[in-house]
Amino acid sequence: MSTYLIGDVHGCYDELRALLQQVDFNPEQDTLWLTGDLVARGPGSLEVLRYVKSLGDSVRLVLGNHDLHLLAVYAGISRNKPKDRLTPLLEADDADELINWLRRQPLLQVDEEKKLVMGHAGITPQWDIETAKKCAREVEAVLASDSYPLFLDAMYGDMPNNWSEDLTGLARLRFSTNALTRMRYCFPNGQLDMICKDSPESALPPLKPWFTLEGPVARDYTIIFGHWASLEGKGTPEGIIGLDTGCCWGGSLTLLHWETQRYVVQPSNREQALASTESLAPPAL
């Protein structure tokens with residue numbers, strides 16, 4: 001029995017299947033963790049969702065900001081952008097089934113035995129593990145409810161950007177969603193900065209990557225995250241692991257075999273096509 005953790009797939013279906021073939025993934029005995037952003041930008045978002053859904057209990061995933069955007073597009077709240085390449089999914093006969101499955105997926109995974117925590121963007125240093133679980137469950141509950149379009153319409157925005165137990169309603173849900181799916185930088189007190197999208201070398205003080213600030217979760221767990229392709233999986237402290245290596249931008253799809261701590265990489269199939277149409281540098285979304 002093996003535990004495999006893979007970074008943001010972003011519709012790169014062929015690379016996902018090739019990577020899993022490299023390690024002889026067996027869904028009957030192995031567990032697959034996915035850092036979110038299953039969809040958008042790559043050519044196979046529909047195939048990715050169908051495949052991941054078919055894995056049932058052998059997959060543990062979290063929703064990313066692009067997954068939430070897909071839900072908003074399908075609900076008629078956000079615009080379908082051609083660069084996201086979501087039209088085949090939106091027009092598929094089983095789109096409704098896939099969307100309803102997706103919106104019932106978690107925003108946080110915690111394994112107490114392995115002391116593993118996974119959130120798409122990471123874990124804000126302002127949260128302890130119980131707060132993180134509680135806030136994730138609150139967002140998950142509203143996404144799974146009949147009122148989820150109301151939440152999707154209200155989730156866009158950068159404020160509030162400071163955690164307080166006094167936050168309520170849509171403001172609280174928006175903070176939690178930003179912390180779990182969009183966060184990159186924080187101020188030294190842990191307050192989120194939702195504006196800066198520069199590389200860590202270019203970010204101006206006092207902003208710091210969230211993972212450089214000491215937080216209670218990082219003291220007790222290994223934190224797995226995706227979301228930040230320009231990091232290329234580098235520059236994080238011990239015990240915090242970024243797995244998004246920009247497959248949809250011509251980089252690679254990266255897998256970590258937890259039990260052996262071995263990394264396996266599958267190069268992108270898209271480098272040649274991308275080079276002829278757009279820059280390989282991933283935008284900060």
# chains A, B, ... in the order shown; residues from 1 in each chain; ligands from 1
$ closest_atom_pairs --of "region 56-131 of chain A" --to "region 149-162 of chain A" --cutoff "8 Å" --atoms "only C-alpha atoms" --output "Markdown table"
| residue | atom | partner | partner_atom | distance |
| --- | --- | --- | --- | --- |
| A:Leu68 | CA | A:Leu152 | CA | 7.8 |
| A:Leu71 | CA | A:Leu152 | CA | 7.7 |
| A:Ala72 | CA | A:Leu152 | CA | 5.8 |
| A:Ala75 | CA | A:Pro149 | CA | 6.4 |
| A:Ile77 | CA | A:Asp153 | CA | 6.1 |
$ select_by_dssp --residues "region 22-163 of chain A" --states "helix (DSSP H, G or I)" --output "VMD selection string"
chain A and resid 22 45 to 54 56 to 58 65 to 74 82 to 84 87 to 90 95 to 102 129 to 143 148 to 154
$ select_by_dssp --residues "region 63-252 of chain A" --states "strand (DSSP E or B)" --output "number ranges by chain"
A: 109-111, 116-118, 185-186, 192-193, 208-209, 222-225, 240-242, 246, 252
$ write_last_selection --atoms "C-alpha atoms" --output "PDB file, in the first residue's frame"
ATOM      1  CA  GLN A 109      -7.220  16.877   4.038  1.00  0.00           C
ATOM      2  CA  VAL A 110      -5.782  15.774   7.378  1.00  0.00           C
ATOM      3  CA  ASP A 111      -4.201  12.397   8.129  1.00  0.00           C
ATOM      4  CA  LEU A 116      -0.090  15.095   6.926  1.00  0.00           C
ATOM      5  CA  VAL A 117      -2.141  18.184   6.104  1.00  0.00           C
ATOM      6  CA  MET A 118      -3.004  19.277   2.570  1.00  0.00           C
ATOM      7  CA  TYR A 185       2.012  36.104   0.853  1.00  0.00           C
ATOM      8  CA  CYS A 186       1.410  37.322   4.377  1.00  0.00           C
ATOM      9  CA  LEU A 192      -3.032  37.837   4.166  1.00  0.00           C
ATOM     10  CA  ASP A 193      -1.823  39.896   1.233  1.00  0.00           C
ATOM     11  CA  LYS A 208       6.764  37.099   3.211  1.00  0.00           C
ATOM     12  CA  PRO A 209       5.706  33.782   1.676  1.00  0.00           C
ATOM     13  CA  THR A 222       3.894  18.080   7.219  1.00  0.00           C
ATOM     14  CA  ILE A 223       2.005  20.556   5.033  1.00  0.00           C
ATOM     15  CA  ILE A 224       1.443  19.680   1.376  1.00  0.00           C
ATOM     16  CA  PHE A 225       0.275  22.376  -1.028  1.00  0.00           C
ATOM     17  CA  ILE A 240       6.359  22.134   4.009  1.00  0.00           C
ATOM     18  CA  ILE A 241       6.204  20.714   0.488  1.00  0.00           C
ATOM     19  CA  GLY A 242       5.027  22.499  -2.648  1.00  0.00           C
ATOM     20  CA  GLY A 246       3.651  23.963 -13.738  1.00  0.00           C
ATOM     21  CA  SER A 252       6.180  18.891 -15.278  1.00  0.00           C
TER      22      SER A 252
END
$ closest_atom_pairs --of "region 8-78 of chain A" --to "region 120-139 of chain A" --cutoff "8 Å" --atoms "only C-alpha atoms" --output "JSON lines"
{"residue": "A:Thr35", "atom": "CA", "partner": "A:His120", "partner_atom": "CA", "distance": 5.2}
{"residue": "A:Gly36", "atom": "CA", "partner": "A:His120", "partner_atom": "CA", "distance": 5.5}
{"residue": "A:Asp37", "atom": "CA", "partner": "A:His120", "partner_atom": "CA", "distance": 7.8}
{"residue": "A:Val62", "atom": "CA", "partner": "A:His120", "partner_atom": "CA", "distance": 6.3}
{"residue": "A:Leu63", "atom": "CA", "partner": "A:His120", "partner_atom": "CA", "distance": 6.6}
{"residue": "A:Gly64", "atom": "CA", "partner": "A:His120", "partner_atom": "CA", "distance": 5.3}
$ residues_around --residues "Leu102 (chain A)" --least-positions-apart "3" --cutoff "10 Å" --atoms "only C-alpha atoms" --output "JSON list (two decimals) with C-alpha atoms, in the first residue's frame"
[["chain", "number", "residue", "atom", "x", "y", "z"],
["A", 38, "LEU", "CA", -7.74, 19.56, -11.30],
["A", 49, "LEU", "CA", -12.61, 14.84, -13.62],
["A", 53, "LYS", "CA", -14.21, 10.62, -9.84],
["A", 62, "VAL", "CA", -8.76, 19.29, -2.13],
["A", 63, "LEU", "CA", -10.44, 21.98, -4.19],
["A", 67, "ASP", "CA", -11.96, 24.24, -9.36],
["A", 68, "LEU", "CA", -14.08, 26.83, -7.56],
["A", 70, "LEU", "CA", -15.33, 26.13, -12.71],
["A", 71, "LEU", "CA", -18.22, 25.78, -10.27],
["A", 96, "ASP", "CA", -24.03, 18.07, -14.18],
["A", 97, "GLU", "CA", -22.98, 14.85, -12.48],
["A", 98, "LEU", "CA", -19.31, 15.89, -12.46],
["A", 99, "ILE", "CA", -20.03, 19.38, -11.15],
["A", 105, "GLN", "CA", -15.15, 17.60, -2.35],
["A", 106, "PRO", "CA", -13.13, 18.93, 0.63],
["A", 143, "LEU", "CA", -20.72, 24.27, -1.28],
["A", 144, "ALA", "CA", -22.61, 21.02, -0.77]]
$ closest_residue --among "A:Tyr221, A:Tyr13, A:Tyr51, A:Trp258" --to "Pro27 (chain A)" --atoms "only C-alpha atoms"
A:Tyr51
